[in-house]
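Reproduced below: my_file-v1.txt, with compact mmCIF, C-alpha atoms.
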```txt
# COMPACT_ATOMS: atom_id res chain seq x y z
CA MET A 6 -4.71 2.67 23.98
CA THR A 7 -7.84 4.62 23.03
CA SER A 8 -9.69 2.98 20.15
CA GLU A 9 -10.66 5.12 17.19
CA LEU A 10 -12.09 2.16 15.30
CA PHE A 11 -15.66 3.35 15.62
CA SER A 12 -15.07 7.06 15.16
CA PRO A 13 -16.07 8.75 11.87
CA LEU A 14 -13.51 9.63 9.21
CA PRO A 15 -14.17 12.85 7.24
CA LEU A 16 -12.61 12.94 3.79
CA ARG A 17 -11.51 15.75 1.49
CA SER A 18 -14.53 15.31 -0.80
CA GLY A 19 -16.85 15.97 2.12
CA GLN A 20 -17.79 12.33 2.44
CA VAL A 21 -17.72 10.98 6.02
CA LEU A 22 -17.11 7.30 6.66
CA GLY A 23 -19.02 5.97 9.66
CA ASN A 24 -16.04 4.18 11.18
CA ARG A 25 -12.39 3.28 10.48
CA ILE A 26 -13.00 -0.28 9.20
CA ALA A 27 -13.10 -1.05 5.48
CA LYS A 28 -13.61 -4.20 3.50
CA ALA A 29 -10.71 -4.14 1.08
CA ALA A 30 -11.18 -5.20 -2.53
CA MET A 31 -11.23 -8.89 -3.34
CA GLU A 32 -11.58 -10.38 -6.81
CA GLU A 33 -14.77 -12.35 -6.38
CA ASN A 34 -14.90 -13.81 -9.91
CA LEU A 35 -18.71 -13.80 -9.77
CA ALA A 36 -19.72 -11.90 -12.90
CA GLU A 37 -22.77 -13.14 -14.77
CA ASP A 38 -23.31 -13.15 -18.54
CA GLY A 39 -21.97 -10.02 -20.17
CA GLN A 40 -19.38 -9.49 -17.35
CA LEU A 41 -22.12 -7.94 -15.20
CA PRO A 42 -22.81 -8.06 -11.47
CA GLY A 43 -25.83 -10.20 -10.58
CA ARG A 44 -27.60 -11.99 -7.75
CA ARG A 45 -24.54 -13.59 -6.17
CA LEU A 46 -22.64 -10.31 -5.89
CA ARG A 47 -25.72 -8.53 -4.56
CA GLU A 48 -26.24 -11.16 -1.85
CA LEU A 49 -22.56 -11.16 -0.91
CA TYR A 50 -22.40 -7.37 -0.56
CA ARG A 51 -25.71 -7.19 1.27
CA ARG A 52 -24.25 -9.57 3.84
CA TRP A 53 -21.06 -7.55 4.16
CA ALA A 54 -23.13 -4.35 4.42
CA ALA A 55 -24.89 -5.77 7.47
CA GLY A 56 -21.55 -6.56 9.13
CA GLY A 57 -20.75 -3.05 10.34
CA THR A 58 -17.94 -1.76 8.11
CA GLY A 59 -17.81 1.95 7.40
CA LEU A 60 -16.70 1.30 3.82
CA LEU A 61 -17.02 -1.53 1.31
CA ILE A 62 -14.61 -1.49 -1.64
CA THR A 63 -15.69 -3.79 -4.45
CA GLY A 64 -13.53 -6.35 -6.15
CA ASN A 65 -11.68 -4.88 -9.08
CA VAL A 66 -13.98 -3.83 -11.92
CA MET A 67 -12.19 -3.73 -15.25
CA VAL A 68 -12.22 -0.62 -17.40
CA HIS A 69 -11.48 -2.51 -20.63
CA ALA A 70 -13.71 -5.38 -21.77
CA GLU A 71 -10.85 -6.92 -23.75
CA ALA A 72 -8.48 -7.04 -20.76
CA LEU A 73 -9.65 -9.41 -18.02
CA THR A 74 -7.79 -11.36 -15.36
CA GLY A 75 -10.29 -14.21 -15.67
CA PRO A 76 -13.55 -15.22 -17.34
CA ALA A 77 -15.83 -14.14 -14.46
CA GLY A 78 -14.52 -10.60 -14.00
CA VAL A 79 -16.86 -7.61 -13.90
CA VAL A 80 -16.53 -4.88 -16.56
CA LEU A 81 -18.01 -1.38 -16.49
CA ASP A 82 -17.33 0.46 -19.73
CA GLU A 83 -19.31 2.81 -21.93
CA ALA A 84 -21.33 -0.09 -23.39
CA ALA A 85 -22.35 -1.81 -20.14
CA PRO A 86 -25.99 -1.53 -18.97
CA LEU A 87 -26.11 0.53 -15.77
CA GLU A 88 -28.98 -1.05 -13.84
CA PRO A 89 -27.07 -4.18 -12.69
CA PHE A 90 -24.46 -1.88 -11.18
CA ALA A 91 -27.15 0.28 -9.56
CA GLU A 92 -28.63 -2.84 -7.94
CA TRP A 93 -25.18 -3.82 -6.72
CA ALA A 94 -24.61 -0.37 -5.22
CA ARG A 95 -27.99 -0.44 -3.44
CA ALA A 96 -27.23 -3.83 -1.92
CA ALA A 97 -23.78 -2.70 -0.77
CA LYS A 98 -25.22 0.44 0.86
CA SER A 99 -28.12 -1.35 2.55
CA GLY A 100 -26.32 -1.37 5.91
CA GLY A 101 -25.70 2.37 5.95
CA GLY A 102 -22.03 2.38 5.00
CA ALA A 103 -20.34 3.78 1.90
CA VAL A 104 -19.40 1.71 -1.15
CA TRP A 105 -16.56 2.48 -3.55
CA MET A 106 -15.86 0.66 -6.80
CA GLN A 107 -12.28 -0.40 -7.34
CA ILE A 108 -11.44 0.18 -11.01
CA ASN A 109 -8.54 -1.55 -12.71
CA HIS A 110 -6.74 -2.67 -15.85
CA PRO A 111 -4.70 -5.90 -15.57
CA GLY A 112 -2.01 -4.96 -18.08
CA ARG A 113 0.25 -7.99 -18.45
CA GLN A 114 -1.33 -9.99 -15.61
CA VAL A 115 -3.70 -11.81 -17.97
CA GLN A 116 -3.89 -15.57 -18.26
CA ALA A 117 -2.54 -16.94 -21.54
CA ASP A 118 -5.81 -18.68 -22.43
CA MET A 119 -7.90 -15.50 -22.09
CA PRO A 120 -9.07 -13.75 -25.27
CA GLY A 121 -8.38 -10.06 -25.79
CA VAL A 122 -5.24 -8.02 -25.23
CA VAL A 123 -2.17 -8.34 -23.01
CA TRP A 124 -0.59 -4.91 -22.65
CA GLY A 125 2.19 -3.46 -20.55
CA PRO A 126 4.50 -0.47 -20.43
CA SER A 127 7.12 -2.69 -22.10
CA ASP A 128 7.19 -6.20 -23.54
CA VAL A 129 8.45 -7.68 -20.24
CA GLY A 130 6.57 -10.84 -19.35
CA LEU A 131 5.82 -12.21 -15.89
CA ASP A 132 8.64 -14.24 -14.36
CA LEU A 133 6.97 -17.02 -12.40
CA GLY A 134 9.50 -19.72 -13.13
CA ARG A 135 7.82 -22.84 -14.47
CA HIS A 136 4.45 -21.07 -14.29
CA SER A 137 5.46 -18.14 -16.53
CA GLY A 138 3.68 -19.67 -19.50
CA ARG A 139 0.35 -19.40 -17.72
CA PHE A 140 0.32 -15.68 -18.56
CA GLY A 141 0.32 -13.95 -21.94
CA ARG A 142 3.32 -12.13 -23.35
CA PRO A 143 2.65 -8.38 -23.15
CA VAL A 144 2.82 -5.92 -26.00
CA ALA A 145 4.27 -2.50 -25.16
CA MET A 146 1.52 0.11 -25.21
CA THR A 147 1.61 2.92 -27.74
CA PRO A 148 0.98 6.49 -26.56
CA ALA A 149 -2.47 6.30 -28.17
CA ARG A 150 -3.33 3.16 -26.18
CA ILE A 151 -2.09 4.77 -22.97
CA GLU A 152 -4.27 7.82 -23.53
CA ALA A 153 -7.29 5.68 -24.45
CA THR A 154 -6.84 3.64 -21.28
CA VAL A 155 -6.67 6.78 -19.14
CA ALA A 156 -9.97 7.81 -20.71
CA ARG A 157 -11.43 4.39 -19.90
CA PHE A 158 -10.68 4.93 -16.19
CA ALA A 159 -12.58 8.21 -16.31
CA THR A 160 -15.53 6.65 -18.14
CA THR A 161 -15.82 3.83 -15.61
CA ALA A 162 -15.63 6.24 -12.68
CA HIS A 163 -18.28 8.51 -14.18
CA ARG A 164 -20.62 5.59 -14.77
CA ALA A 165 -19.98 4.24 -11.25
CA GLU A 166 -21.19 7.55 -9.88
CA GLU A 167 -24.25 7.39 -12.12
CA ALA A 168 -24.99 3.91 -10.74
CA GLY A 169 -24.99 5.18 -7.16
CA PHE A 170 -21.53 4.30 -5.89
CA ASP A 171 -20.00 6.76 -3.43
CA GLY A 172 -16.51 6.71 -4.88
CA VAL A 173 -13.88 4.80 -6.83
CA GLU A 174 -10.49 3.40 -5.94
CA ILE A 175 -7.97 3.40 -8.77
CA HIS A 176 -5.88 0.23 -8.52
CA ALA A 177 -2.17 1.01 -8.87
CA ALA A 178 -0.83 -1.88 -6.79
CA HIS A 179 -0.25 -5.65 -6.94
CA GLY A 180 1.43 -5.61 -10.33
CA TYR A 181 -1.57 -4.50 -12.39
CA LEU A 182 -1.16 -2.03 -15.25
CA LEU A 183 -0.66 1.24 -13.35
CA SER A 184 1.66 -0.55 -10.93
CA GLN A 185 3.58 -1.93 -13.92
CA PHE A 186 4.19 1.60 -15.16
CA LEU A 187 5.48 2.56 -11.70
CA SER A 188 7.93 -0.35 -11.57
CA PRO A 189 11.43 0.25 -12.97
CA LEU A 190 11.73 -3.53 -13.42
CA VAL A 191 8.75 -3.73 -15.76
CA ASN A 192 8.75 -0.25 -17.28
CA ARG A 193 11.72 -0.08 -19.66
CA ARG A 194 10.38 2.83 -21.71
CA THR A 195 12.56 5.73 -22.78
CA ASP A 196 9.75 8.14 -23.65
CA ALA A 197 7.55 10.39 -21.49
CA TRP A 198 6.20 7.39 -19.55
CA GLY A 199 9.56 5.83 -18.63
CA GLY A 200 12.78 6.52 -16.80
CA SER A 201 12.30 8.87 -13.86
CA LEU A 202 9.66 8.23 -11.23
CA GLU A 203 7.82 11.33 -12.41
CA ASN A 204 7.56 9.77 -15.87
CA ARG A 205 6.67 6.31 -14.56
CA ALA A 206 3.90 7.86 -12.45
CA ARG A 207 2.53 9.85 -15.39
CA MET A 208 -0.17 7.35 -16.37
CA LEU A 209 -1.45 7.03 -12.80
CA LEU A 210 -1.50 10.79 -12.31
CA ASP A 211 -3.25 11.33 -15.64
CA ALA A 212 -5.85 8.72 -14.71
CA VAL A 213 -6.50 10.43 -11.37
CA ARG A 214 -6.82 13.83 -13.07
CA ALA A 215 -9.21 12.44 -15.68
CA VAL A 216 -11.35 10.70 -13.07
CA ARG A 217 -11.46 13.70 -10.75
CA ALA A 218 -12.50 15.94 -13.67
CA ASP A 219 -15.29 13.56 -14.73
CA VAL A 220 -17.01 13.04 -11.34
CA SER A 221 -18.66 15.31 -8.79
CA PRO A 222 -16.54 17.04 -6.13
CA SER A 223 -18.43 15.04 -3.46
CA PHE A 224 -17.57 11.71 -5.13
CA ALA A 225 -14.58 10.08 -3.42
CA VAL A 226 -11.45 9.25 -5.41
CA ALA A 227 -8.89 6.94 -3.83
CA VAL A 228 -5.76 5.14 -5.04
CA LYS A 229 -4.44 1.74 -4.06
CA LEU A 230 -0.63 1.84 -4.03
CA ASN A 231 2.11 -0.59 -3.14
CA SER A 232 4.12 0.43 -0.11
CA ALA A 233 6.79 -1.59 -1.94
CA ASP A 234 6.94 -4.22 -4.69
CA PHE A 235 9.23 -6.47 -2.61
CA GLN A 236 11.51 -7.08 -5.58
CA ARG A 237 15.08 -5.86 -5.47
CA GLY A 238 15.42 -2.84 -7.72
CA GLY A 239 11.66 -2.37 -7.91
CA PHE A 240 9.23 0.24 -6.62
CA ASP A 241 10.08 0.88 -2.96
CA ALA A 242 8.92 2.83 0.07
CA ASP A 243 10.74 6.01 -0.95
CA ASP A 244 8.99 5.84 -4.33
CA ALA A 245 5.65 5.33 -2.56
CA ARG A 246 6.27 8.42 -0.41
CA ARG A 247 7.01 10.54 -3.48
CA VAL A 248 3.96 9.26 -5.38
CA ILE A 249 1.70 10.03 -2.42
CA ASP A 250 3.05 13.60 -2.48
CA MET A 251 2.26 13.77 -6.21
CA LEU A 252 -1.31 12.57 -5.63
CA GLU A 253 -2.21 15.09 -2.94
CA PRO A 254 -2.64 18.14 -5.24
CA LEU A 255 -4.96 16.13 -7.49
CA GLY A 256 -7.76 15.88 -4.93
CA VAL A 257 -7.26 12.28 -3.79
CA ASP A 258 -9.28 11.42 -0.68
CA LEU A 259 -7.34 8.36 0.47
CA VAL A 260 -4.37 6.16 -0.42
CA GLU A 261 -4.62 2.49 0.45
CA LEU A 262 -1.28 0.79 1.09
CA SER A 263 -0.57 -2.82 0.28
CA GLY A 264 2.38 -4.50 -1.42
CA GLY A 265 3.64 -7.06 -3.88
CA SER A 266 2.55 -8.52 -7.20
CA PHE A 267 2.00 -11.90 -8.82
CA GLU A 268 5.80 -12.27 -9.00
CA SER A 269 6.29 -11.33 -5.34
CA PRO A 270 3.00 -11.98 -3.52
CA ALA A 271 3.73 -9.96 -0.39
CA MET A 272 0.00 -9.13 -0.19
CA MET A 273 -0.36 -12.84 0.50
CA GLY A 274 2.43 -12.74 3.07
CA ARG A 275 4.92 -14.36 0.66
CA PRO A 276 7.31 -11.78 -0.81
CA ALA A 277 9.98 -12.91 -3.23
CA ASP A 278 12.42 -10.54 -1.53
CA ALA A 279 11.36 -9.32 1.92
CA GLY A 280 14.53 -7.26 2.20
CA ALA A 281 13.46 -5.17 -0.78
CA GLY A 282 10.54 -3.83 1.21
CA ALA A 283 12.72 -1.61 3.40
CA GLY A 284 11.62 -2.95 6.74
CA ALA A 285 8.44 -4.77 5.84
CA GLY A 286 9.69 -7.84 7.62
CA ALA A 287 6.12 -8.72 8.46
CA ALA A 288 5.64 -10.34 5.11
CA GLY A 289 6.72 -13.85 4.38
CA ARG A 290 3.75 -15.83 5.62
CA THR A 291 1.38 -18.04 3.72
CA GLY A 292 -1.79 -16.31 2.55
CA VAL A 293 -5.16 -17.20 1.09
CA ARG A 294 -7.46 -15.84 -1.57
CA THR A 295 -11.19 -15.35 -1.24
CA ASP A 296 -14.10 -16.02 -3.47
CA ALA A 297 -17.80 -16.25 -2.79
CA ARG A 298 -20.24 -19.13 -2.98
CA ASP A 299 -23.62 -19.22 -4.66
CA ASP A 300 -25.38 -18.43 -1.40
CA GLY A 301 -23.42 -15.19 -1.03
CA ARG A 302 -21.01 -16.54 1.56
CA ALA A 303 -17.34 -15.99 1.00
CA ASP A 304 -15.13 -18.94 0.15
CA ALA A 305 -11.41 -18.60 0.57
CA ARG A 306 -9.83 -17.12 -2.52
CA ALA A 307 -9.23 -13.43 -2.50
CA ASP A 308 -7.58 -11.26 -5.09
CA ASP A 309 -6.67 -8.06 -3.70
CA CYS A 310 -5.20 -10.56 -1.65
CA THR A 311 -5.61 -8.96 1.70
CA ALA A 312 -4.83 -12.29 3.25
CA GLY A 313 -5.33 -13.09 6.89
CA ARG A 314 -2.37 -14.39 8.89
CA THR A 315 -2.11 -18.10 8.08
CA ASP A 316 1.48 -19.11 8.78
CA ALA A 317 1.56 -22.91 8.96
CA ARG A 318 4.06 -22.69 11.80
CA THR A 319 2.04 -20.28 13.90
CA ALA A 320 -1.61 -20.90 12.96
CA GLY A 321 -3.73 -21.27 16.05
CA ARG A 322 -1.01 -19.83 18.28
CA THR A 323 -0.75 -16.29 19.61
CA ASP A 324 2.33 -14.90 21.32
CA ARG A 325 1.27 -12.96 24.38
CA ARG A 326 3.16 -10.98 26.95
CA ALA A 327 2.70 -11.45 30.66
CA ASP A 328 0.06 -8.70 30.68
CA GLY A 329 -2.05 -10.60 28.17
CA ARG A 330 -1.44 -8.37 25.16
CA THR A 331 0.24 -9.65 22.04
CA ASP A 332 3.87 -8.79 21.44
CA ALA A 333 5.19 -6.60 18.61
CA ARG A 334 6.43 -9.58 16.60
CA THR A 335 2.98 -11.14 16.56
CA ARG A 336 1.34 -7.85 15.59
CA ALA A 337 3.82 -7.56 12.72
CA ARG A 338 2.87 -11.02 11.48
CA GLU A 339 -0.75 -9.89 11.48
CA ALA A 340 -0.26 -6.60 9.62
CA TYR A 341 2.22 -7.27 6.85
CA PHE A 342 3.00 -3.68 5.92
CA LEU A 343 2.52 -1.89 9.24
CA ASP A 344 6.14 -0.76 9.68
CA LEU A 345 6.19 0.74 6.19
CA ALA A 346 2.79 2.34 6.71
CA ARG A 347 3.89 3.99 9.95
CA GLU A 348 6.88 5.49 8.18
CA LEU A 349 4.76 6.75 5.29
CA ALA A 350 2.05 8.10 7.63
CA ARG A 351 4.57 10.40 9.31
CA THR A 352 4.81 12.57 6.21
CA SER A 353 1.74 11.68 4.15
CA PRO A 354 -0.45 14.67 3.21
CA VAL A 355 -3.28 12.20 2.41
CA PRO A 356 -5.10 9.86 4.83
CA LEU A 357 -3.79 6.31 4.52
CA MET A 358 -5.54 2.95 4.66
CA LEU A 359 -3.55 -0.20 5.46
CA THR A 360 -4.51 -3.63 4.14
CA GLY A 361 -2.81 -6.98 4.57
CA GLY A 362 -3.10 -9.64 7.28
CA ILE A 363 -5.24 -7.78 9.85
CA THR A 364 -7.59 -10.17 11.65
CA ARG A 365 -7.97 -9.00 15.27
CA ARG A 366 -9.21 -5.83 16.93
CA GLU A 367 -5.98 -5.34 18.86
CA THR A 368 -4.00 -5.37 15.62
CA ALA A 369 -6.46 -2.96 14.00
CA GLU A 370 -6.08 -0.56 16.92
CA ALA A 371 -2.29 -0.77 16.60
CA VAL A 372 -2.63 0.21 12.93
CA LEU A 373 -4.63 3.33 13.84
CA ASP A 374 -2.23 4.10 16.67
CA GLY A 375 0.56 4.16 14.06
CA GLY A 376 -1.03 7.12 12.28
CA VAL A 377 -3.00 5.20 9.65
CA ALA A 378 -6.56 6.49 9.20
CA LEU A 379 -8.41 3.39 7.98
CA VAL A 380 -8.03 -0.37 8.53
CA GLY A 381 -8.63 -2.60 5.50
CA MET A 382 -9.44 -6.28 5.74
CA GLY A 383 -10.14 -8.94 3.13
CA THR A 384 -9.83 -12.54 4.23
CA ALA A 385 -10.92 -11.76 7.79
CA LEU A 386 -14.24 -10.41 6.45
CA ALA A 387 -14.58 -13.23 3.94
CA VAL A 388 -14.47 -15.66 6.84
CA THR A 389 -16.42 -13.52 9.33
CA PRO A 390 -18.60 -10.97 7.48
CA ASP A 391 -19.87 -9.43 10.74
CA LEU A 392 -16.44 -9.01 12.33
CA PRO A 393 -16.80 -5.20 12.87
CA GLU A 394 -20.05 -5.74 14.79
CA ARG A 395 -18.35 -8.43 16.84
CA TRP A 396 -15.53 -6.03 17.68
CA ARG A 397 -18.03 -3.38 18.65
CA HIS A 398 -19.43 -5.79 21.26
CA GLY A 399 -16.07 -7.07 22.49
CA ARG A 400 -15.99 -10.32 20.52
CA GLU A 401 -13.52 -11.76 18.03
CA ALA A 402 -13.88 -14.17 15.11
CA ASP A 403 -14.52 -17.77 16.06
CA ARG A 404 -12.87 -19.25 12.97
CA ARG A 405 -9.85 -18.69 10.74
CA MET A 406 -8.75 -19.85 7.35
CA ARG A 407 -6.78 -23.07 7.27
CA PRO A 408 -3.14 -22.48 6.33
CA VAL A 409 -2.11 -22.80 2.68
CA SER A 410 1.13 -24.66 3.21
CA TRP A 411 2.14 -25.39 -0.40
CA SER A 412 5.81 -24.77 -1.09
CA ASP A 413 4.98 -23.41 -4.57
CA LYS A 414 4.50 -19.71 -3.86
CA ALA A 415 2.91 -18.92 -7.22
CA LEU A 416 0.19 -21.53 -6.82
CA ALA A 417 -0.31 -20.78 -3.12
```
Show me this structure written as structure tokens.
Amino acid sequence: MTSELFSPLPLRSGQVLGNRIAKAAMEENLAEDGQLPGRRLRELYRRWAAGGTGLLITGNVMVHAEALTGPAGVVLDEAAPLEPFAEWARAAKSGGGAVWMQINHPGRQVQADMPGVVWGPSDVGLDLGRHSGRFGRPVAMTPARIEATVARFATTAHRAEEAGFDGVEIHAAHGYLLSQFLSPLVNRRTDAWGGSLENRARMLLDAVRAVRADVSPSFAVAVKLNSADFQRGGFDADDARRVIDMLEPLGVDLVELSGGSFESPAMMGRPADAGAGAGAGAAGRTGVRTDARDDGRADARADDCTAGRTDARTAGRTDRRADGRTDARTRAREAYFLDLARELARTSPVPLMLTGGITRRETAEAVLDGGVALVGMGTALAVTPDLPERWRHGREADRRMRPVSWSDKALA
């Protein structure tokens, strides 16, 4: 198998990524006073920048200061001072790679003890069993609030470009607001934003249009999308294929594929309903989250929840064939959504990035061999920030996350 890992990737905007390895977004929860990036984020991203990735995607930056997933989230709105973000961008680009800001609105995925607003397409709360009360009850958004939120995405993207970022990734996965609008289980509206997939995708498409119109043609615009929600009756692979087709005419450079939500954490390897993913049977393993310590090193608590393979039954063990290469079942465990991504890549008019469970070079090469253009990693780079450079020199990581073996999926 010929490796494309270290070949450049030209994008529609004219931007060229130096290689096919990206650090996927992780929610670092490291904002300083005023919800701003500071020293800890700069040190963390400077370390990742030196590790050899072609692209760093930041943890999700919120577009609305009154809608935060937690108290240490970063916000970039019209009122935020720009210099802290410019310093963050410079640190993230210090290794020569590109840096994109992931921009997001949590919608209903807001903890109940957080101040501010809890919005959704409908007043459908999170169903996490005995943990449901940990999250606020959402209020259905009015058309005016939807339009104002679309404008917030454009404002954040425009200011990210001003700060020196190379692009933005609009988060429409993992059960956040735009993903909630896409989901027929959460979106019960009967107006122009509900019902058909075209209507449920309207807010995402409007946000992409607004962002693309408010940034330079050379500024990259990407979308993070669930390959499936892994909930029966929810957003599925056929929906993902149709949404990708809708995004192509809008000038999107890249679509990153992941899966799941707080209710069905497939991005952690623990879907509520693996069968609902239409062949994603890779999911169903225990995942981890990543955070970062004061010295800029990553601890293990990641949001965008691109968790490394940490199945308690298989940790530390690799299934290998007689020729020394890993078998297909093992590769599937290590790339949760690879089967779905291969199917979507066959018809996608937009380059795809796959995130979820990738920890080894052989698995990354299998992802590219399946027609995916870019390999995204979270936990693997939290544990081993210089993993791409190791791969370049024929080495692998020398440590892995310990398995999270709790039976409570929501807490795990």
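When all atoms listed in the file are used to compute distances to Arg51 in chain A, the closest of the residues A:Asp391, A:Glu152, A:Glu88, A:Glu174 turns out to be A:Asp391.
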With all atoms listed in the file as the atoms that count, which of A:Gly121, A:Pro76, A:Gly59, A:Pro15 lies nearest to Glu394 in chain A?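 Nearest to Glu394 in chain A: A:Gly59.
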One decimal, in Å: what's the spacing between CA of Leu416 in chain A and CA of Leu182 in chain A?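 Answer for the CA of Leu416 in chain A to CA of Leu182 in chain A separation: 21.3 Å.
In this structure, CA of Met406 in chain A sits 7.1 Å away from CA of Val388 in chain A.
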At most 7 Å is the cut-off: for each residue in range 74-186 of chain A with any atom that close to an atom of range 27-35 of chain A, write down the nearest atom pair and the distance in Å rounded to one decimal, counting only C-alpha atoms, chain first then increasing number, as a Markdown table.
```
| residue | atom | partner | partner_atom | distance |
| --- | --- | --- | --- | --- |
| A:Ala77 | CA | A:Asn34 | CA | 4.7 |
| A:Gly78 | CA | A:Asn34 | CA | 5.2 |
| A:Gln107 | CA | A:Ala30 | CA | 6.9 |
```
What does the structure give for the distance between CA of Glu167 in chain A and CA of Ala387 in chain A, in Å to one decimal?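 The value is 27.9 Å.
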Using only C-alpha atoms, can you tell me which of A:Leu81, A:Met382, A:Ala242, A:Ala162 comes closest to Ala36 in chain A? A:Leu81
Pick out the closest residue to Gly376 in chain A from this set: A:Ala72, A:Trp396, A:Gly125, A:Glu9. Count only C-alpha atoms.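 Looking only at the distances to Gly376 in chain A, the closest residue turns out to be A:Glu9.
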Proximity to Gly57 in chain A - best of A:Thr389, A:Ser232, A:Ser412, A:Ser18, all atoms listed in the file: A:Thr389
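Nearest to Ala227 in chain A of all the residues A:Asp196, A:Asp118, A:Asp244, A:Asp171 is A:Asp171, based on only C-alpha atoms.
Taking only C-alpha atoms, the non-local environment of Arg205 in chain A within 6 Å (same-chain residues fewer than 5 positions away omitted) comprises Phe186, Leu187, Trp198 and Gly199 of chain A.
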For range 20-26 of chain A, work out the shell of residues within 7 Å, counting all atoms listed in the file and skipping chain neighbours fewer than 5 positions away, then give it as a count of residues only. 16
Identify the residues within 12 Å of coordinate (4.0, 1.8, -20.8) (same frame as the file), considering only C-alpha atoms, and give the answer as a PDB file with C-alpha atoms, keeping the file's coordinate frame.
```pdb
ATOM      1  CA  GLY A 112      -2.010  -4.960 -18.080  1.00  0.00           C
ATOM      2  CA  ARG A 113       0.250  -7.990 -18.450  1.00  0.00           C
ATOM      3  CA  TRP A 124      -0.590  -4.910 -22.650  1.00  0.00           C
ATOM      4  CA  GLY A 125       2.190  -3.460 -20.550  1.00  0.00           C
ATOM      5  CA  PRO A 126       4.500  -0.470 -20.430  1.00  0.00           C
ATOM      6  CA  SER A 127       7.120  -2.690 -22.100  1.00  0.00           C
ATOM      7  CA  ASP A 128       7.190  -6.200 -23.540  1.00  0.00           C
ATOM      8  CA  VAL A 129       8.450  -7.680 -20.240  1.00  0.00           C
ATOM      9  CA  PRO A 143       2.650  -8.380 -23.150  1.00  0.00           C
ATOM     10  CA  VAL A 144       2.820  -5.920 -26.000  1.00  0.00           C
ATOM     11  CA  ALA A 145       4.270  -2.500 -25.160  1.00  0.00           C
ATOM     12  CA  MET A 146       1.520   0.110 -25.210  1.00  0.00           C
ATOM     13  CA  THR A 147       1.610   2.920 -27.740  1.00  0.00           C
ATOM     14  CA  PRO A 148       0.980   6.490 -26.560  1.00  0.00           C
ATOM     15  CA  ALA A 149      -2.470   6.300 -28.170  1.00  0.00           C
ATOM     16  CA  ARG A 150      -3.330   3.160 -26.180  1.00  0.00           C
ATOM     17  CA  ILE A 151      -2.090   4.770 -22.970  1.00  0.00           C
ATOM     18  CA  GLU A 152      -4.270   7.820 -23.530  1.00  0.00           C
ATOM     19  CA  THR A 154      -6.840   3.640 -21.280  1.00  0.00           C
ATOM     20  CA  VAL A 155      -6.670   6.780 -19.140  1.00  0.00           C
ATOM     21  CA  TYR A 181      -1.570  -4.500 -12.390  1.00  0.00           C
ATOM     22  CA  LEU A 182      -1.160  -2.030 -15.250  1.00  0.00           C
ATOM     23  CA  LEU A 183      -0.660   1.240 -13.350  1.00  0.00           C
ATOM     24  CA  SER A 184       1.660  -0.550 -10.930  1.00  0.00           C
ATOM     25  CA  GLN A 185       3.580  -1.930 -13.920  1.00  0.00           C
ATOM     26  CA  PHE A 186       4.190   1.600 -15.160  1.00  0.00           C
ATOM     27  CA  LEU A 187       5.480   2.560 -11.700  1.00  0.00           C
ATOM     28  CA  SER A 188       7.930  -0.350 -11.570  1.00  0.00           C
ATOM     29  CA  PRO A 189      11.430   0.250 -12.970  1.00  0.00           C
ATOM     30  CA  LEU A 190      11.730  -3.530 -13.420  1.00  0.00           C
ATOM     31  CA  VAL A 191       8.750  -3.730 -15.760  1.00  0.00           C
ATOM     32  CA  ASN A 192       8.750  -0.250 -17.280  1.00  0.00           C
ATOM     33  CA  ARG A 193      11.720  -0.080 -19.660  1.00  0.00           C
ATOM     34  CA  ARG A 194      10.380   2.830 -21.710  1.00  0.00           C
ATOM     35  CA  THR A 195      12.560   5.730 -22.780  1.00  0.00           C
ATOM     36  CA  ASP A 196       9.750   8.140 -23.650  1.00  0.00           C
ATOM     37  CA  ALA A 197       7.550  10.390 -21.490  1.00  0.00           C
ATOM     38  CA  TRP A 198       6.200   7.390 -19.550  1.00  0.00           C
ATOM     39  CA  GLY A 199       9.560   5.830 -18.630  1.00  0.00           C
ATOM     40  CA  GLY A 200      12.780   6.520 -16.800  1.00  0.00           C
ATOM     41  CA  ASN A 204       7.560   9.770 -15.870  1.00  0.00           C
ATOM     42  CA  ARG A 205       6.670   6.310 -14.560  1.00  0.00           C
ATOM     43  CA  ALA A 206       3.900   7.860 -12.450  1.00  0.00           C
ATOM     44  CA  ARG A 207       2.530   9.850 -15.390  1.00  0.00           C
ATOM     45  CA  MET A 208      -0.170   7.350 -16.370  1.00  0.00           C
ATOM     46  CA  LEU A 209      -1.450   7.030 -12.800  1.00  0.00           C
TER      47      LEU A 209
END
```
Spatial neighbours of Leu210 in chain A, max dist 9 Å, only C-alpha atoms, sep filter under 4 positions, as JSON, numbers by chain: {"A": [206, 214, 215, 248, 251, 252, 255]}
Quick one: residues within 10 Å of range 401-405 of chain A, all atoms listed in the file counted, chain neighbours fewer than 3 positions away excluded, as a list in words?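 Residues near the query, excluding close chain neighbours: Gly313, Arg314, Thr315, Ala320, Gly321, Thr364, Arg365, Arg366, Glu367, Thr384, Ala385, Leu386, Ala387, Val388, Thr389, Pro390, Asp391, Leu392, Pro393, Glu394, Arg395, Trp396, Arg397, His398 and Pro408 of chain A.
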Counting only C-alpha atoms, what is within 9 Å of Asp250 in chain A, bar same-chain residues fewer than 4 positions away, as a VMD selection string? chain A and resid 245 to 246 254 352 to 355
Write the selection just made, keeping C-alpha atoms, as an mmCIF file, in the coordinates of the input?
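As written to disk, out-v2.cif reads:
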```
data_model
loop_
_atom_site.group_PDB
_atom_site.id
_atom_site.type_symbol
_atom_site.label_atom_id
_atom_site.label_comp_id
_atom_site.auth_asym_id
_atom_site.auth_seq_id
_atom_site.Cartn_x
_atom_site.Cartn_y
_atom_site.Cartn_z
ATOM 1 C CA ALA A 245 5.650 5.330 -2.560
ATOM 2 C CA ARG A 246 6.270 8.420 -0.410
ATOM 3 C CA PRO A 254 -2.640 18.140 -5.240
ATOM 4 C CA THR A 352 4.810 12.570 6.210
ATOM 5 C CA SER A 353 1.740 11.680 4.150
ATOM 6 C CA PRO A 354 -0.450 14.670 3.210
ATOM 7 C CA VAL A 355 -3.280 12.200 2.410
#
```
